[in-house]
Amino acid sequence: MSRVQDWIPAIDSGLHSTSPHKVQSTLKIATWNVNSLKVRLPHLQDWLAAQSPDVVCLQETKTEDAKFCLADIEQSGFSCCFSGQRTYNGVAILSRQPATEVQIGIPGYEDPQKRVIAATVEGVRIVCIYVPNGESVTSDKYPYKLAWLERLTSWLAEELRTHPQLALLGDFNIAPDDRDVYDPKAWAGQVLCSEPERQAFQRLLELGLVDSFRLFEQPERSYTWWDYRMNMFKRKLGLRIDHILLSAPLAPTCRSCLVDRDMRARERPSDHAPVVAELAL
DNA sequence: ATGGCGGCTCGCAGCCGA
């Protein structure tokens, strides 16, 4: 066998690089509302091993910081920063490489509900959010949701100036478009789909953020949440409310964005599925 | 019109999520 014939296929297949230029690196980022980290830890561990992401944003950990299962996460090969409380809310960022510049909450916004954590990983500003649900458009929680989204948007405008490479991941509790809803007529004007909420989502896009999921052709009826009741998952009736938004400099690096429905099909699942995007930095 | 499932709490029923 000649050396030349061995050599050429190796270059063509891209398996080896002798280029003096910097090799492109892939950053696989994800978001997942786990609906209790304690209950979903086995699912998470399996998923981390199977998917091998670089950064994972978690919501609804429902765990106070003193009881956070840090050792288990580290055993899976991740470092971690988190901000939680018992029973409700709670967010975390898992990363292969250690995170720096960790920010808990929206600066200057006193909120006992733990819904925001941000950190820098491999030069990318990662912002993990759990947007208030709102309950219904007539609930007191609805104006809280809209005010919260305004505060988030103002803060992100600043954050983008200091961190142009920014990814906003999380449970937005907003279905941005009728495509993102299994029954748009029934949901019209309802919480998660109401016009003020969709306008709030639009204002995030107006910061220059891009909905990475819609950069690609996607199957019809792509959702990220399905109600536990009435066999909604099996009937493929859900909403797309978990999102990965990318800043203008980051969006062109996005190679894929997918919903991983497998986790929702497992025994004792979270009602949300993970969303995963790959960036070629 | 209501609840339907699942997780939580010093639980044995009620709150909350979406």
# chains A, B, ... in the order shown; residues from 1 in each chain; ligands from 1
call {"tool": "residues_around", "arguments": {"residues": "Arg161 of chain A", "least_positions_apart": "4", "cutoff": "12 Å", "atoms": "only C-alpha atoms (C1' of nucleotides)", "output": "list of chain:residue names"}}
result
A:Arg125, A:Ser154, A:Trp155, A:Leu156, A:Ala157, A:Gln165, A:Leu166, A:Leu207, A:Gly208, A:Ser247, A:Ala248, A:Pro249
call {"tool": "write_last_selection", "arguments": {"atoms": "N, CA and C atoms", "output": "PDB file, in the first residue's frame"}}
result
ATOM      1  N   ARG A 125     -21.358  34.329  26.082  1.00  0.00           N
ATOM      2  CA  ARG A 125     -22.193  34.689  27.220  1.00  0.00           C
ATOM      3  C   ARG A 125     -23.452  33.836  27.180  1.00  0.00           C
ATOM      4  N   SER A 154     -34.438  44.938  28.882  1.00  0.00           N
ATOM      5  CA  SER A 154     -33.575  46.096  29.148  1.00  0.00           C
ATOM      6  C   SER A 154     -32.171  45.649  29.558  1.00  0.00           C
ATOM      7  N   TRP A 155     -32.132  44.658  30.439  1.00  0.00           N
ATOM      8  CA  TRP A 155     -30.827  44.160  30.896  1.00  0.00           C
ATOM      9  C   TRP A 155     -30.035  43.544  29.738  1.00  0.00           C
ATOM     10  N   LEU A 156     -30.723  42.767  28.888  1.00  0.00           N
ATOM     11  CA  LEU A 156     -30.034  42.105  27.776  1.00  0.00           C
ATOM     12  C   LEU A 156     -29.479  43.118  26.776  1.00  0.00           C
ATOM     13  N   ALA A 157     -30.166  44.240  26.619  1.00  0.00           N
ATOM     14  CA  ALA A 157     -29.653  45.283  25.722  1.00  0.00           C
ATOM     15  C   ALA A 157     -28.267  45.724  26.178  1.00  0.00           C
ATOM     16  N   GLN A 165     -21.205  38.156  21.776  1.00  0.00           N
ATOM     17  CA  GLN A 165     -21.468  36.727  21.511  1.00  0.00           C
ATOM     18  C   GLN A 165     -22.313  36.197  22.658  1.00  0.00           C
ATOM     19  N   LEU A 166     -23.622  36.256  22.459  1.00  0.00           N
ATOM     20  CA  LEU A 166     -24.537  35.919  23.562  1.00  0.00           C
ATOM     21  C   LEU A 166     -25.598  34.926  23.097  1.00  0.00           C
ATOM     22  N   LEU A 207     -33.644  43.063  19.663  1.00  0.00           N
ATOM     23  CA  LEU A 207     -32.292  43.312  20.196  1.00  0.00           C
ATOM     24  C   LEU A 207     -31.220  42.757  19.262  1.00  0.00           C
ATOM     25  N   GLY A 208     -31.667  42.040  18.234  1.00  0.00           N
ATOM     26  CA  GLY A 208     -30.724  41.404  17.312  1.00  0.00           C
ATOM     27  C   GLY A 208     -30.615  39.910  17.547  1.00  0.00           C
ATOM     28  N   SER A 247     -27.336  35.819  19.461  1.00  0.00           N
ATOM     29  CA  SER A 247     -27.037  37.183  19.043  1.00  0.00           C
ATOM     30  C   SER A 247     -26.580  37.191  17.588  1.00  0.00           C
ATOM     31  N   ALA A 248     -26.633  38.356  16.955  1.00  0.00           N
ATOM     32  CA  ALA A 248     -26.326  38.475  15.524  1.00  0.00           C
ATOM     33  C   ALA A 248     -24.948  37.898  15.160  1.00  0.00           C
ATOM     34  N   PRO A 249     -23.899  38.137  15.960  1.00  0.00           N
ATOM     35  CA  PRO A 249     -22.603  37.540  15.606  1.00  0.00           C
ATOM     36  C   PRO A 249     -22.585  36.022  15.741  1.00  0.00           C
TER      37      PRO A 249
END
call {"tool": "residues_around", "arguments": {"residues": "segment 31-38 of chain A", "least_positions_apart": "3", "cutoff": "7 Å", "atoms": "only C-alpha atoms (C1' of nucleotides)", "output": "count of residues only"}}
result
17
call {"tool": "residues_around", "arguments": {"residues": "segment 1-6 of chain B", "least_positions_apart": "4", "cutoff": "8 Å", "atoms": "only C-alpha atoms (C1' of nucleotides)", "output": "ChimeraX atom specification"}}
result
/A:227-230
call {"tool": "select_by_dssp", "arguments": {"residues": "segment 86-252 of chain A", "states": "strand (DSSP E or B)", "output": "PyMOL selection string"}}
result
chain A and resi 91-95+100-104+116-121+124-130+166-171+181+210-211+225+239+242-246
call {"tool": "select_by_dssp", "arguments": {"residues": "segment 109-222 of chain A", "states": "helix (DSSP H, G or I)", "output": "JSON, numbers by chain"}}
result
{"A": [141, 142, 143, 144, 145, 146, 147, 148, 149, 150, 151, 152, 153, 154, 155, 156, 157, 158, 159, 160, 161, 162, 178, 179, 180, 184, 185, 186, 187, 195, 196, 197, 198, 199, 200, 201, 202, 203, 204, 205, 212, 213, 214, 215]}
call {"tool": "atom_distance", "arguments": {"atom1": "atom CA of Phe201 of chain A", "atom2": "atom CA of Pro176 of chain A"}}
result
6.7 Å
call {"tool": "closest_atom_pairs", "arguments": {"of": "chain A", "to": "chain B", "cutoff": "10 Å", "atoms": "only C-alpha atoms (C1' of nucleotides)", "output": "tab-separated table"}}
result
residue	atom	partner	partner_atom	distance
A:Asn35	CA	B:DG7	C1'	7.6
A:Ser36	CA	B:DG7	C1'	7.3
A:Val39	CA	B:DG7	C1'	8.7
A:Lys62	CA	B:DC8	C1'	8.8
A:Arg86	CA	B:DC8	C1'	8.8
A:Thr87	CA	B:DC8	C1'	5.6
A:Tyr88	CA	B:DC8	C1'	8.3
A:Asn133	CA	B:DA18	C1'	6.8
A:Gly134	CA	B:DA18	C1'	8.9
A:Glu135	CA	B:DA18	C1'	7.4
A:Ser136	CA	B:DA18	C1'	9.5
A:Asn173	CA	B:DA18	C1'	7.7
A:Ile174	CA	B:DA18	C1'	9.9
A:Val191	CA	B:DA18	C1'	8.5
A:Leu192	CA	B:DA18	C1'	7.8
A:Trp225	CA	B:DA18	C1'	8.4
A:Trp226	CA	B:DA18	C1'	8.7
A:Asp227	CA	B:DA18	C1'	7.3
A:Tyr228	CA	B:DC5	C1'	4.7
A:Arg229	CA	B:DC5	C1'	4.8
A:Met230	CA	B:DG4	C1'	6.1
A:Asn231	CA	B:DC5	C1'	9.4
A:Leu239	CA	B:DA18	C1'	9.2
A:Ile241	CA	B:DA18	C1'	9.6
A:Arg268	CA	B:DG6	C1'	8.9
A:Pro269	CA	B:DG6	C1'	9.5
A:Ser270	CA	B:DG6	C1'	9.0
A:Asp271	CA	B:DG6	C1'	8.9
call {"tool": "write_last_selection", "arguments": {"atoms": "C-alpha atoms", "output": "compact mmCIF listing (two decimals), in the first residue's frame"}}
result
# COMPACT_ATOMS: atom_id res chain seq x y z
CA ASN A 35 -39.34 19.88 36.43
CA SER A 36 -37.43 18.89 39.59
CA VAL A 39 -36.52 13.46 40.29
CA LYS A 62 -36.85 23.15 42.49
CA ARG A 86 -37.22 24.85 47.29
CA THR A 87 -40.49 23.84 45.59
CA TYR A 88 -40.49 26.42 42.81
CA ASN A 133 -45.79 31.26 33.48
CA GLY A 134 -48.43 33.96 33.96
CA GLU A 135 -51.17 31.45 34.82
CA SER A 136 -53.83 33.23 32.73
CA ASN A 173 -43.30 30.29 28.47
CA ILE A 174 -44.20 31.93 25.16
CA VAL A 191 -51.61 32.79 28.28
CA LEU A 192 -48.41 31.62 26.49
CA TRP A 225 -43.80 20.97 26.04
CA TRP A 226 -46.75 18.59 26.24
CA ASP A 227 -49.28 18.53 29.07
CA TYR A 228 -48.99 15.44 31.25
CA ARG A 229 -52.73 14.99 31.05
CA MET A 230 -54.89 13.50 28.30
CA ASN A 231 -52.00 11.69 26.58
CA LEU A 239 -46.45 23.95 22.43
CA ILE A 241 -42.12 27.42 24.50
CA ARG A 268 -41.50 9.48 34.45
CA PRO A 269 -40.47 12.26 32.09
CA SER A 270 -40.28 16.00 32.52
CA ASP A 271 -43.17 17.60 30.65
call {"tool": "closest_residue", "arguments": {"among": "A:Asp140, A:Asp180, A:Asp54, A:Glu101", "to": "Gln218 of chain A", "atoms": "only C-alpha atoms"}}
result
A:Asp180
